Amino acid sequence: MNRVENFEALKALQVQESEKLNVREGLAPTQANLARHHVLICAGTGCTSSLSGEVKKELEAKLVEMNLDGEIDVVQTGCFGFCNLGPIMVVYPEGTFYTKVKPEDVAEIAESHLKGGQVVERLLYTIPGTETKAQDMSHIPFFQKQQRIALRNCGKIDPERIEEAIAHNAYQGLGKALTEMQPKDVIQTLLDSGLRGRGGAGFPTGKKWMFAAGYDADEKYVVCNADEGDPGAFMDRSVLEGDPHSVIEAMALGGYAINAHQGYVYIRAEYPIAVHRLQIAIDQAREAGLLGKNILGTGFDFDIDIRLGAGAFVCGEETALLTSVEGRRGEPRPRPPFPAEKGLWDKPSFVNNVETLANIPAIMTKGADWYTSIGTEDSRGTKVFAMAGKVNNIGLVEVPMGTTLRELIYDIGGGIPGGKAFKAAQTGGPSGGCLPASALDTPIDFGSLIKAGSMMGSGGLIVMDETDCMVDIAKFFLEFTQDESCGKCPPCRIGTKRMLEILTKITEGEGTEADIEHLETLAQTISASALCALGQTAPNPVLATLKFFKDEYEAHIKEKKCPAGVCKNLLQYTIDPEKCKGCTLCARNCPADAITGTVKQPHTIDPAKCIKCGTCIEKCKFGAISRQ
Amino acid sequence: MEMVNVIIDGVQVQVEKGTTVLQAAQKAGINIPTLCYLKDVNAIGACRVCLVEIKGAKALQPSCVYPVSEGLEVLTNTAKVREARKAVVELLLSNHPADCLNCVRSGSCELQNLAQQMGIRENRFLGEQSVFPIDDRSVAIVRDPNKCVYCRRCEAVCSKVQGVNILGGIGRGFESTVGPAFGHNLDDINCSLCGQCVNVCPTGALAEKDDTQKVWAALADPDKHVIVQFSPAVRITISEEFGLPMGTISTGKMVAALRRLGFDKVFDTNWSADLTIMEEGNELLDRLQNGGVLPMITSCSPGWVKYCESHFPDQLDHLSTAKSPQGMFGAMVKTYYPETEGIDASKIYSVSVMPCTAKKFEAARPELADSGYRDVDVVVTVREIARMIKQAGIDFANLPDEECDAPMGVGTGAGTIFGATGGVMEAALRTVYEVVTGETLPKIDFEAVRGLDGLKEATVDLNGTKVKVAVVHTLARAKEMMKKVRAGEADYQFIEVMACPGGCVGGGGTPIVNALTRTMLPDDYRAIRGIGLYNDDKNLPLRKSHENPFIVKAYENFLGKPLGHKSHELLHTHYTPRKLYNLDLND
């Protein structure tokens with residue numbers, strides 16, 4: 001792409017490029033030589049792993065074969081969000097939303113739809129509770145309550161083509177700032193917007209920039225935190241895979257605001273697609289003169305390099321991240337001094353998370369007033385959640401702050417599968433907590449979640465039902481923090497280990513009533529004395545489950561029972577002599593020889609030998625074996 | 001300097017801006033307990049023992065790194081602070097072997113001290129303990145990661161002070177510890193064995209390899225003629241082990257104590273330090289006059305020599321071929337001594353008391369067997385010999401002063417100052433000047449090369465030839481100097497390098513000075529020890545190596561002349577280029 005010489009040229013280019021994408025707005029192509037159909041195929045990590053790449057290849061080959069390749073564009077895009085229906089394909093101008101498209105479906109789509117104009121009904125989404133097929137995304141409840149700002153271009157553009165990003169207003173905010181605004185105005189706009197960090201703590205982004213701008217130094221740095229470590233969260237990956245230019249633009253804006261000329265994106269090496277697309281985007285932005293020297297002819301220099309992380313959770317903590325970027329063992333360092341004063345290589349810096357950054361270009365172009373009109377007083381704008389667990393619609397959703405948990409789980413998530421009862425929603429990852437059914441009407445914003453006993457975190461949302469054991473969940477998160485502790489301070493290194501030991505004891509039926517007190521003492525100690533937020537918040541999953549689900553702990557300790565039927569050591573397998581036909585199948589399959597009995601006589605299980613593997617239940621054809 | 005007012009536990013103090021709460025509290029008369037903090041070495045806020053309440057801050061803050069600001073209010077002794085500190089120490093103890101009774105650091109262990117200070121009588125947090133293999137393969141240092149409290153002081157001293165960088169955090173979570181990369185042991189990697197890590201370890205996770213049993217066994221063997229030498233820095237540092245003030249010279253008591261332990265002869269490494277000056281001084285003159293490789297660099301510090309062999313194997317020609325005083329003594333005590341005294345050399349067992357862990361490695365070098373035997377049979381550090389003296393019940397502090405035995409028991413002040421950085425240089429200059437000019441030095445003290453400055457330089461006029469010399473201590477500074485030497489930018493003729501900060505008085509085998517003492521002392525402890533040596537030098541009748549009558553006699557009766565045939569055979573050595581790793585990393 002040619003260098004974009006100035007902001008005027010960028011504006012003209014935007015108009016020119018956006019016309020080429022008219023079809024995706026449901027319009028007819030503006031020029032005769034443009035394609036009449038755009039087939040968008042999700043190329044995010046989720047759909048890629050369910051072979052969307054194959055689907056795309058197959059379709060391209062088929063179109064060549066049908067001599068339709070000139071009339072139909074096949075476009076790879078970022079994530080649509082409805083991940084459990086992948087691979088997803090959207091055909092424009094109709095907006096037809098195909099789900100679970102397999103390579104073998106391609107021929108039919110090509111023949112029937114792209115050539116014959118007949119939609120392939122069987123690949124459409126059936127609206128739950130009806131027989132109705134949704135003809136496009138606007139009819140699908142999953143999308144109806146969503147509002148996409150951070151993900152605004154994901155699923156709309158080819159992330160590997162800067163022209164498409166420009167068509168969707170990429171770099172307009174930067175152009176505006178560089179030509180019409182002083183750095184302090186940029187910061188003021190951010191302050192006015194009320195944008196808070198989406199990485200977990202919710203610190204006002206404008207303040208971060210303002211502090212970093214306030215220190216004089218020969219060099220300053222802008223750092224993007226793409227280390228996304230919360231189990232299950234993948235919004236940052238999706239932004240980078242689907243719209244990397246929004247992050248690049250925001251970093252350049254940050255550079256302008258604080259007078260920095262170099263940025264680093266710290267991204268985990270487990271995100272190969274994101275790394276690849278981000279590098280392409282950086283290269284294209286440089287070529288277009290939107291990064292590097294003399295951006296848009298304004299004399300402003302800013303460049304970005306990628307630093308790969310090895311996947312340590314703690315490297316998402318900003319000071320640990322900085323230490324890792326510097327090439328050392330990723331460990332947090334005490335604050336103060338804060339990164340705004342002594343950040344990367346001890347130079348004034350700020351660290352913003354990907355999702356936070358992705359909001360900024362939109363704020364710059366549309367203004368702070370627009371942004372503050374979305375969300376709540378406490379938390380402006382939208383938040384992306386990675387919804388997982390016992391919920392029908394698994395995927396990535398972006399909703400205005402203030403949306404309730406109930407709306408998120410039931411309206412967007414489609415409720416709990418299998419008619420089971422909702423038990424808890426886990427937010428905030430390993431630093432967060434589990435909220436019970438009584439908290440379902442909590443509006444999701446930073447303050448309300450903390451008040452309810454959890455926290456926003458980076459947007460992981462795990463839904464649990466009656467078959468999930470809350471002690472086991474707490475144990476899971478502590479195993480995670482213990483594994484991921486950098487070890488630097490004793491409260492986290494040893495304290496979380498001790499908490500984990502107690503939880504393990506409880507789940508194995510060895511717990512005592514004093515253990516709950518011990519857990520609370522340890523939790524207090526760790527929260528009060530750990531070095532970084534990872535350690536300080538590590539006890540939260542235990543504290544939250546103790547707060548809302550103490551009865552489950554007590555059942556494990558006093559009755560030696562796991563009400564959810566998860567904790568193996570507390571389960572008893574028994575054979576109902578009434579139902580047992582003596583077929584011997586269970587006894588023949590028991591790996592521990594724990595089942596005895598003669599043919600055609602009821603069998604019995606020796607609890608001393610039983611290893612509680614569940615094989616007998618699976619094998620029994622008569623439902624005679626129960627687990628309690 | 002800008003001053004700020006801080007209120008600590010209600011007491012207002014004025015301190016310089018940029019100081020930490022820990023330092024400010026000391027000014028207010030409060031010693032906040034610490035563990036990972038070590039003055040001038042480590043301030044990382046990791047161990048959470050020094051937590052305090054800061055008004056306005058949400059969480060408790062580590063005082064060792066928290067910077068003061070105007071009007072800052074600090075509470076160091078609230079219930080919350082006490083409970084947090086106590087809990088942290090309990091957690092540390094819960095993953096620490098409870099074998100204090102047989103730990104080498106019992107009594108000088110900072111963790112033990114903390115447990116006492118916090119009044120811990122039971123531990124609420126007992127649980128599984130991490131299990132690591134003990135690294136005891138090197139001849140000098142034993143690492144027991146099971147006792148590691150992960151304070152990182154060793155890592156800091158190894159990387160920041162020494163620039164060797166072989167210790168670092170490994171593992172994650174509960175399995176975190178400090179050690180060489182990939183779990184290698186110290187013998188597999190380019191550890192200089194300087195022992196600085198041992199000096200800073202608050203617990204028994206790092207210790208010298210204990211060779212005292214070998215010495216006891218030799219002393220108990222009637223067939224052995226057991227002799228002992230003790231190095232310059234030993235006479236000053238041994239005092240601290242017996243409650244004498246830091247910087248006290250205890251030469252006479254040391255001789256008396258060694259005799260009471262049962263050594264057949266007590267000799268003085270100062271004697272062979274003088275011998276080293278004769279050889280090394282003449283080697284310098286030879287290099288200057290005959291176009292030898294310059295700058296010449298001293299080779300008495302075994303940590304430095306090993307480091308140079310690993311990191312600058314292409315620069316070994318710069319090292320003086322003269323053996324260290326320990327090495328020369330070892331060769332002479334099994335040749336010259338038996339010859340003059342009519343003793344069977346094979347019966348001699350040669351013990352060396354050193355302020356140094358790396359001397360154990362030096363003594364074990366295959367090339368140090370020029371006498372036909374192992375020149376030095378065993379090396380014990382100051383800490384080890386102190387333990388032996390204590391075990392024997394010897395009341396060291398009240399011993400009478402005794403003199404060393406002839407013919408290797410008299411050294412000059414020039415030998416004594418070998419123990420401080422710059423001392424070898426000064427001793428050499430005293431002799432070289434007088435040998436070359438034939439005149440008496442107008443001023444014997446070379447002040448320019450004394451003290452703890454990182455790089456000391458001087459120029460000496462030798463009959464119109466200007467000789468420029470430099471002195472560096474610590475391996476980090478040695479590395480900088482060697483980079484210049486390698487690049488041909490080191491504009492010196494003679495350089496003294498000591499591996500340890502402050503020279504041998506700061507050696508890895510000297511008494512451990514704990515973190516609090518380091519903070520409370522009026523000066524760097526190595527400076528205090530060094531000044532003691534210079535005072536000793538000032539008070540000795542002989543202060544120039546070439547004036548030592550026992551050295552003169554040794555040349556007359558045995559060696560011939562410096563750099564002569566016999567000297568070359570016994571007193572000079574060669575060096576071995578080494579790799580950074582002694583193993584194939586592809587294995």
# chains A, B, ... in the order shown; residues from 1 in each chain; ligands from 1
$ select_by_dssp --residues "range 23-94 of chain B" --states "strand (DSSP E)" --output "list in words"
Leu51, Val52, Glu53, Ile54, Gln61, Pro62, Leu72, Glu73, Val74 and Leu75 of chain B
$ interface_residues --of "chain A" --to "chain B" --cutoff "7 Å" --atoms "only C-alpha atoms" --output "short mmCIF file (atom, residue, chain, number, x, y, z; two decimals) with C-alpha atoms, in the first residue's frame"
data_model
loop_
_atom_site.label_atom_id
_atom_site.label_comp_id
_atom_site.auth_asym_id
_atom_site.auth_seq_id
_atom_site.Cartn_x
_atom_site.Cartn_y
_atom_site.Cartn_z
CA PRO A 334 6.89 -3.36 44.38
CA PRO A 336 5.69 2.60 44.19
CA GLN A 482 -0.20 -22.01 43.12
CA ASP A 483 1.10 -23.28 39.79
CA GLU A 484 1.32 -19.79 38.43
CA SER A 485 2.79 -18.07 41.49
CA CYS A 486 6.14 -16.61 40.57
CA GLY A 487 7.33 -17.56 44.03
CA LYS A 488 8.79 -14.18 44.86
CA CYS A 489 6.91 -13.56 48.11
CA PRO A 490 6.20 -16.17 50.81
CA PRO A 491 2.47 -15.42 51.26
CA ARG A 493 4.51 -19.02 47.31
CA ILE A 494 3.78 -20.90 50.52
CA GLY A 495 0.45 -19.48 51.69
CA LYS A 497 0.06 -23.97 48.90
CA ARG A 498 -1.18 -24.29 52.46
CA THR A 525 -2.62 -13.14 55.76
CA ALA A 528 -2.68 -8.40 53.54
CA SER A 529 0.89 -9.29 52.80
CA LEU A 531 3.47 -8.52 46.89
#
$ closest_residue --among "B:Met498, B:Cys404, B:Val293, B:Cys191" --to "Ser310 in chain B" --atoms "only C-alpha atoms"
B:Cys191
$ atom_distance --atom1 "CA of Ile162 in chain A" --atom2 "CA of Ala61 in chain A"
24.9 Å
$ closest_residue --among "B:Gln117, B:Thr517, B:Asn102, B:Thr298" --to "Arg82 in chain B" --atoms "only C-alpha atoms"
B:Gln117
$ atom_distance --atom1 "CA of Val74 in chain A" --atom2 "CA of Val4 in chain A"
26.7 Å
$ select_by_dssp --residues "range 265-504 of chain A" --states "alpha helix (DSSP H)" --output "PyMOL selection string"
chain A and resi 272-287+318-325+354-366+368-372+405-406+446-452+470-484+490+496-504
$ residues_around --residues "Ile41 in chain A" --least-positions-apart "3" --cutoff "9 Å" --atoms "only C-alpha atoms" --output "PyMOL selection string"
chain A and resi 47+52-53+55-56+74-78+87-91+155
$ write_last_selection --atoms "N, CA and C atoms" --output "PDB file, in the first residue's frame"
ATOM      1  N   CYS A  47     -12.709 -21.068  15.448  1.00  0.00           N
ATOM      2  CA  CYS A  47     -13.194 -21.615  14.175  1.00  0.00           C
ATOM      3  C   CYS A  47     -12.056 -22.255  13.380  1.00  0.00           C
ATOM      4  N   SER A  52     -12.131 -24.010   9.895  1.00  0.00           N
ATOM      5  CA  SER A  52     -12.644 -22.959   9.025  1.00  0.00           C
ATOM      6  C   SER A  52     -11.658 -22.659   7.890  1.00  0.00           C
ATOM      7  N   GLY A  53     -10.387 -22.909   8.156  1.00  0.00           N
ATOM      8  CA  GLY A  53      -9.376 -22.705   7.110  1.00  0.00           C
ATOM      9  C   GLY A  53      -9.613 -23.635   5.929  1.00  0.00           C
ATOM     10  N   VAL A  55     -12.514 -24.942   5.163  1.00  0.00           N
ATOM     11  CA  VAL A  55     -13.747 -24.496   4.523  1.00  0.00           C
ATOM     12  C   VAL A  55     -13.429 -23.397   3.518  1.00  0.00           C
ATOM     13  N   LYS A  56     -12.581 -22.460   3.935  1.00  0.00           N
ATOM     14  CA  LYS A  56     -12.243 -21.339   3.070  1.00  0.00           C
ATOM     15  C   LYS A  56     -11.517 -21.840   1.812  1.00  0.00           C
ATOM     16  N   VAL A  74     -14.114 -14.219  -1.123  1.00  0.00           N
ATOM     17  CA  VAL A  74     -14.071 -15.004   0.114  1.00  0.00           C
ATOM     18  C   VAL A  74     -13.115 -14.283   1.068  1.00  0.00           C
ATOM     19  N   VAL A  75     -13.618 -13.965   2.252  1.00  0.00           N
ATOM     20  CA  VAL A  75     -12.866 -13.107   3.167  1.00  0.00           C
ATOM     21  C   VAL A  75     -12.697 -13.803   4.513  1.00  0.00           C
ATOM     22  N   GLN A  76     -11.461 -13.827   4.991  1.00  0.00           N
ATOM     23  CA  GLN A  76     -11.267 -14.325   6.362  1.00  0.00           C
ATOM     24  C   GLN A  76     -11.482 -13.164   7.320  1.00  0.00           C
ATOM     25  N   THR A  77     -12.157 -13.441   8.442  1.00  0.00           N
ATOM     26  CA  THR A  77     -12.396 -12.367   9.418  1.00  0.00           C
ATOM     27  C   THR A  77     -12.005 -12.833  10.808  1.00  0.00           C
ATOM     28  N   GLY A  78     -12.132 -11.913  11.731  1.00  0.00           N
ATOM     29  CA  GLY A  78     -11.961 -12.264  13.135  1.00  0.00           C
ATOM     30  C   GLY A  78     -13.229 -12.893  13.676  1.00  0.00           C
ATOM     31  N   PRO A  87     -17.386 -23.785  12.581  1.00  0.00           N
ATOM     32  CA  PRO A  87     -16.995 -22.582  11.864  1.00  0.00           C
ATOM     33  C   PRO A  87     -18.217 -21.795  11.365  1.00  0.00           C
ATOM     34  N   ILE A  88     -18.064 -20.475  11.478  1.00  0.00           N
ATOM     35  CA  ILE A  88     -19.160 -19.593  11.088  1.00  0.00           C
ATOM     36  C   ILE A  88     -18.851 -18.955   9.738  1.00  0.00           C
ATOM     37  N   MET A  89     -19.899 -18.869   8.903  1.00  0.00           N
ATOM     38  CA  MET A  89     -19.755 -18.243   7.590  1.00  0.00           C
ATOM     39  C   MET A  89     -20.924 -17.282   7.410  1.00  0.00           C
ATOM     40  N   VAL A  90     -20.634 -16.083   6.962  1.00  0.00           N
ATOM     41  CA  VAL A  90     -21.709 -15.121   6.705  1.00  0.00           C
ATOM     42  C   VAL A  90     -21.631 -14.695   5.239  1.00  0.00           C
ATOM     43  N   VAL A  91     -22.770 -14.786   4.562  1.00  0.00           N
ATOM     44  CA  VAL A  91     -22.801 -14.438   3.142  1.00  0.00           C
ATOM     45  C   VAL A  91     -23.527 -13.105   2.960  1.00  0.00           C
ATOM     46  N   GLY A 155     -15.113  -9.859  12.715  1.00  0.00           N
ATOM     47  CA  GLY A 155     -16.191 -10.471  11.946  1.00  0.00           C
ATOM     48  C   GLY A 155     -16.684  -9.563  10.837  1.00  0.00           C
TER      49      GLY A 155
END
$ residues_around --residues "Asp405 in chain B" --least-positions-apart "4" --cutoff "12 Å" --atoms "only C-alpha atoms" --output "PyMOL selection string"
chain B and resi 227-229+252+255-256+258-259+263-269+271+337+341+409-411+550
$ residues_around --residues "Phe211 in chain A" --least-positions-apart "6" --cutoff "9 Å" --atoms "only C-alpha atoms" --output "ChimeraX atom specification"
/A:258,340-341,348,350
$ write_last_selection --atoms "N, CA and C atoms" --output "PDB file, in the first residue's frame"
ATOM      1  N   ILE A 258       1.658  10.875  25.673  1.00  0.00           N
ATOM      2  CA  ILE A 258       2.669  10.950  26.753  1.00  0.00           C
ATOM      3  C   ILE A 258       4.053  11.289  26.215  1.00  0.00           C
ATOM      4  N   ALA A 340       4.258   4.587  35.681  1.00  0.00           N
ATOM      5  CA  ALA A 340       4.190   5.940  35.132  1.00  0.00           C
ATOM      6  C   ALA A 340       5.478   6.704  35.430  1.00  0.00           C
ATOM      7  N   GLU A 341       6.114   6.359  36.568  1.00  0.00           N
ATOM      8  CA  GLU A 341       7.362   7.029  36.934  1.00  0.00           C
ATOM      9  C   GLU A 341       8.559   6.191  36.483  1.00  0.00           C
ATOM     10  N   PRO A 348       9.442   6.318  32.280  1.00  0.00           N
ATOM     11  CA  PRO A 348       7.992   6.490  32.400  1.00  0.00           C
ATOM     12  C   PRO A 348       7.248   5.703  31.318  1.00  0.00           C
ATOM     13  N   PHE A 350       3.278   3.450  30.368  1.00  0.00           N
ATOM     14  CA  PHE A 350       2.005   2.914  30.844  1.00  0.00           C
ATOM     15  C   PHE A 350       1.742   1.585  30.169  1.00  0.00           C
TER      16      PHE A 350
END
$ residues_around --residues "Thr512 in chain A" --least-positions-apart "3" --cutoff "8 Å" --atoms "only C-alpha atoms" --output "list in words"
Ile506, Asp515, Ile516, Ile557 and Lys558 of chain A
$ write_last_selection --atoms "N, CA and C atoms" --output "PDB file, in the first residue's frame"
ATOM      1  N   ILE A 506     -10.175 -31.295  52.540  1.00  0.00           N
ATOM      2  CA  ILE A 506     -11.640 -31.245  52.672  1.00  0.00           C
ATOM      3  C   ILE A 506     -12.302 -32.065  51.562  1.00  0.00           C
ATOM      4  N   ASP A 515     -10.562 -26.328  59.964  1.00  0.00           N
ATOM      5  CA  ASP A 515      -9.974 -26.002  58.666  1.00  0.00           C
ATOM      6  C   ASP A 515     -10.551 -24.730  58.048  1.00  0.00           C
ATOM      7  N   ILE A 516     -11.825 -24.518  58.276  1.00  0.00           N
ATOM      8  CA  ILE A 516     -12.442 -23.311  57.705  1.00  0.00           C
ATOM      9  C   ILE A 516     -11.809 -22.076  58.320  1.00  0.00           C
ATOM     10  N   ILE A 557     -17.180 -31.498  55.298  1.00  0.00           N
ATOM     11  CA  ILE A 557     -16.439 -31.675  56.549  1.00  0.00           C
ATOM     12  C   ILE A 557     -17.218 -32.516  57.558  1.00  0.00           C
ATOM     13  N   LYS A 558     -18.495 -32.150  57.740  1.00  0.00           N
ATOM     14  CA  LYS A 558     -19.250 -32.817  58.805  1.00  0.00           C
ATOM     15  C   LYS A 558     -19.885 -34.127  58.351  1.00  0.00           C
TER      16      LYS A 558
END
$ residues_around --residues "Gly254 in chain A" --least-positions-apart "5" --cutoff "10 Å" --atoms "only C-alpha atoms" --output "list in words"
Leu174, Pro183, Val186, Ile187, Gly206, Trp209, Ala212, Ala213, Tyr221, Val222, Val223, Ile248, Glu249, Asn259, Ala260, His261, Gly263, Phe302, Ser349, Phe350, Asn352, Leu357 and Ile360 of chain A
